Amino acid sequence: MKSINEYLIPFIGLKLGKHQFEFKINKKFFDEFSFDEFESCDIDVNVVLEKKQTMLEINFKHKGSVNVPCDLTSEPFDLPIKGKIKLIVQFGDEFNNDNDELLILPHGEHQIDLSQFIYEMIVLSIPQKRIHPGVKDGTLQTEVLQKLNELQVKEIKKEAKKEDDIDPRWDKLKQLLTDK
């Protein structure tokens, strides 16, 4: 994965204290990561980088929507998402990103690439199961839903018919139990 220049933050020239960065994320950003789970997106990312004497604290927040297909009907819809993560950056002998919340950069490093962290934060905020709001409240009308409803009605009728088709021999056996 190549780094995206727009998300490279040179922290060496920043003064101690908090610094705020804002990014507008669209589909092109996810194309860089070869991620094609959704058609389009409109996400605002707010990054607060607090530079301290020996480390950096970075707080990421995002809010927006992604256009995804519904898992039940395959109808595309805008799914609202939001989330946040916190990252601590310390300096050491070698690069280490084994921990999700701690990043160790080699001494002498002068910039940090935020694109991977923004990508992971957004992707992890998308729910596993994506259901169109119209399915939940019953307002969505599609061929798929009509077919599902027809099949459900047929299944209910089939179950009711099975209950009506009780073998008369069972009635005689049940009568033996009640005659005692």
# chains A, B, ... in the order shown; residues from 1 in each chain; ligands from 1
$ residues_around --residues "segment 39-47 of chain A" --least-positions-apart "3" --cutoff "9 Å" --atoms "only C-alpha atoms" --output "list in words"
His19, Gln20, Phe21, Glu22, Phe23, Lys24, Ile25, Asn26, Lys27, Lys28, Asp36, Ile58, Asn59, Phe60, Lys61, His62, Lys63, Gly64, Ser65, Val66, Asn67, Val68, Pro69, Pro76, Asp78, Ile81, Lys82, Ile118 and Ile122 of chain A
$ residues_around --residues "Pro127 of chain A" --least-positions-apart "2" --cutoff "12 Å" --atoms "only C-alpha atoms" --output "compact mmCIF listing (two decimals) with N, CA and C atoms, in the first residue's frame"
# COMPACT_ATOMS: atom_id res chain seq x y z
N GLU A 37 -16.42 -2.62 -1.04
CA GLU A 37 -17.63 -3.09 -0.36
C GLU A 37 -18.82 -2.17 -0.59
N VAL A 66 -22.16 5.64 4.07
CA VAL A 66 -21.64 4.84 2.97
C VAL A 66 -22.83 4.22 2.25
N VAL A 68 -24.29 1.21 0.64
CA VAL A 68 -24.05 -0.23 0.65
C VAL A 68 -25.30 -0.97 0.18
N CYS A 70 -28.22 -3.74 0.63
CA CYS A 70 -28.90 -4.40 1.75
C CYS A 70 -28.60 -5.90 1.66
N ASP A 71 -28.35 -6.53 2.80
CA ASP A 71 -28.05 -7.96 2.82
C ASP A 71 -29.28 -8.82 2.49
N LEU A 79 -26.02 4.12 4.48
CA LEU A 79 -25.92 3.65 5.86
C LEU A 79 -25.12 4.68 6.66
N PRO A 80 -25.76 5.29 7.67
CA PRO A 80 -25.00 6.24 8.49
C PRO A 80 -24.00 5.50 9.39
N ILE A 81 -22.79 6.03 9.47
CA ILE A 81 -21.76 5.43 10.32
C ILE A 81 -21.07 6.52 11.12
N LYS A 82 -20.53 6.12 12.25
CA LYS A 82 -19.70 7.02 13.03
C LYS A 82 -18.83 6.18 13.94
N GLY A 83 -17.74 6.75 14.40
CA GLY A 83 -16.84 6.02 15.27
C GLY A 83 -15.66 6.87 15.67
N ILE A 122 -12.87 3.44 9.71
CA ILE A 122 -14.12 3.50 8.95
C ILE A 122 -14.63 2.10 8.62
N VAL A 123 -13.75 1.24 8.14
CA VAL A 123 -14.16 -0.12 7.76
C VAL A 123 -14.70 -0.88 8.97
N LEU A 124 -14.08 -0.71 10.11
CA LEU A 124 -14.54 -1.41 11.31
C LEU A 124 -15.84 -0.85 11.87
N SER A 125 -16.23 0.35 11.46
CA SER A 125 -17.49 0.92 11.95
C SER A 125 -18.69 0.50 11.10
N LYS A 129 -24.00 -6.92 9.43
CA LYS A 129 -25.28 -7.11 8.77
C LYS A 129 -25.85 -5.74 8.43
N ARG A 130 -26.09 -5.54 7.14
CA ARG A 130 -26.58 -4.25 6.67
C ARG A 130 -27.99 -4.40 6.13
N ILE A 131 -28.95 -3.84 6.86
CA ILE A 131 -30.35 -3.98 6.48
C ILE A 131 -30.93 -2.61 6.18
$ residues_around --residues "segment 135-150 of chain A" --least-positions-apart "5" --cutoff "10 Å" --atoms "only C-alpha atoms" --output "list in words"
Cys70, Leu72, Thr73, Ser74, Glu75, Glu155 and Ile156 of chain A
$ write_last_selection --atoms "N, CA and C atoms" --output "PDB file, in the first residue's frame"
ATOM      1  N   CYS A  70     -28.220  -3.738   0.634  1.00  0.00           N
ATOM      2  CA  CYS A  70     -28.896  -4.404   1.745  1.00  0.00           C
ATOM      3  C   CYS A  70     -28.597  -5.904   1.657  1.00  0.00           C
ATOM      4  N   LEU A  72     -30.472  -8.287   2.702  1.00  0.00           N
ATOM      5  CA  LEU A  72     -31.688  -9.052   2.425  1.00  0.00           C
ATOM      6  C   LEU A  72     -32.213  -8.848   1.009  1.00  0.00           C
ATOM      7  N   THR A  73     -32.200  -7.589   0.560  1.00  0.00           N
ATOM      8  CA  THR A  73     -32.848  -7.279  -0.715  1.00  0.00           C
ATOM      9  C   THR A  73     -31.884  -6.866  -1.824  1.00  0.00           C
ATOM     10  N   SER A  74     -30.636  -6.624  -1.492  1.00  0.00           N
ATOM     11  CA  SER A  74     -29.617  -6.120  -2.426  1.00  0.00           C
ATOM     12  C   SER A  74     -29.927  -4.711  -2.928  1.00  0.00           C
ATOM     13  N   GLU A  75     -30.870  -4.030  -2.291  1.00  0.00           N
ATOM     14  CA  GLU A  75     -31.173  -2.645  -2.629  1.00  0.00           C
ATOM     15  C   GLU A  75     -30.097  -1.745  -2.037  1.00  0.00           C
ATOM     16  N   GLU A 155     -45.427 -21.000   3.369  1.00  0.00           N
ATOM     17  CA  GLU A 155     -44.893 -21.852   4.439  1.00  0.00           C
ATOM     18  C   GLU A 155     -45.868 -21.899   5.622  1.00  0.00           C
ATOM     19  N   ILE A 156     -46.466 -20.775   5.959  1.00  0.00           N
ATOM     20  CA  ILE A 156     -47.435 -20.737   7.063  1.00  0.00           C
ATOM     21  C   ILE A 156     -48.658 -21.583   6.723  1.00  0.00           C
TER      22      ILE A 156
END
$ select_by_dssp --residues "chain A" --states "strand (DSSP E)" --output "ChimeraX atom specification"
/A:8-10,17-25,40-51,55-69,76-92,102-106,111-113
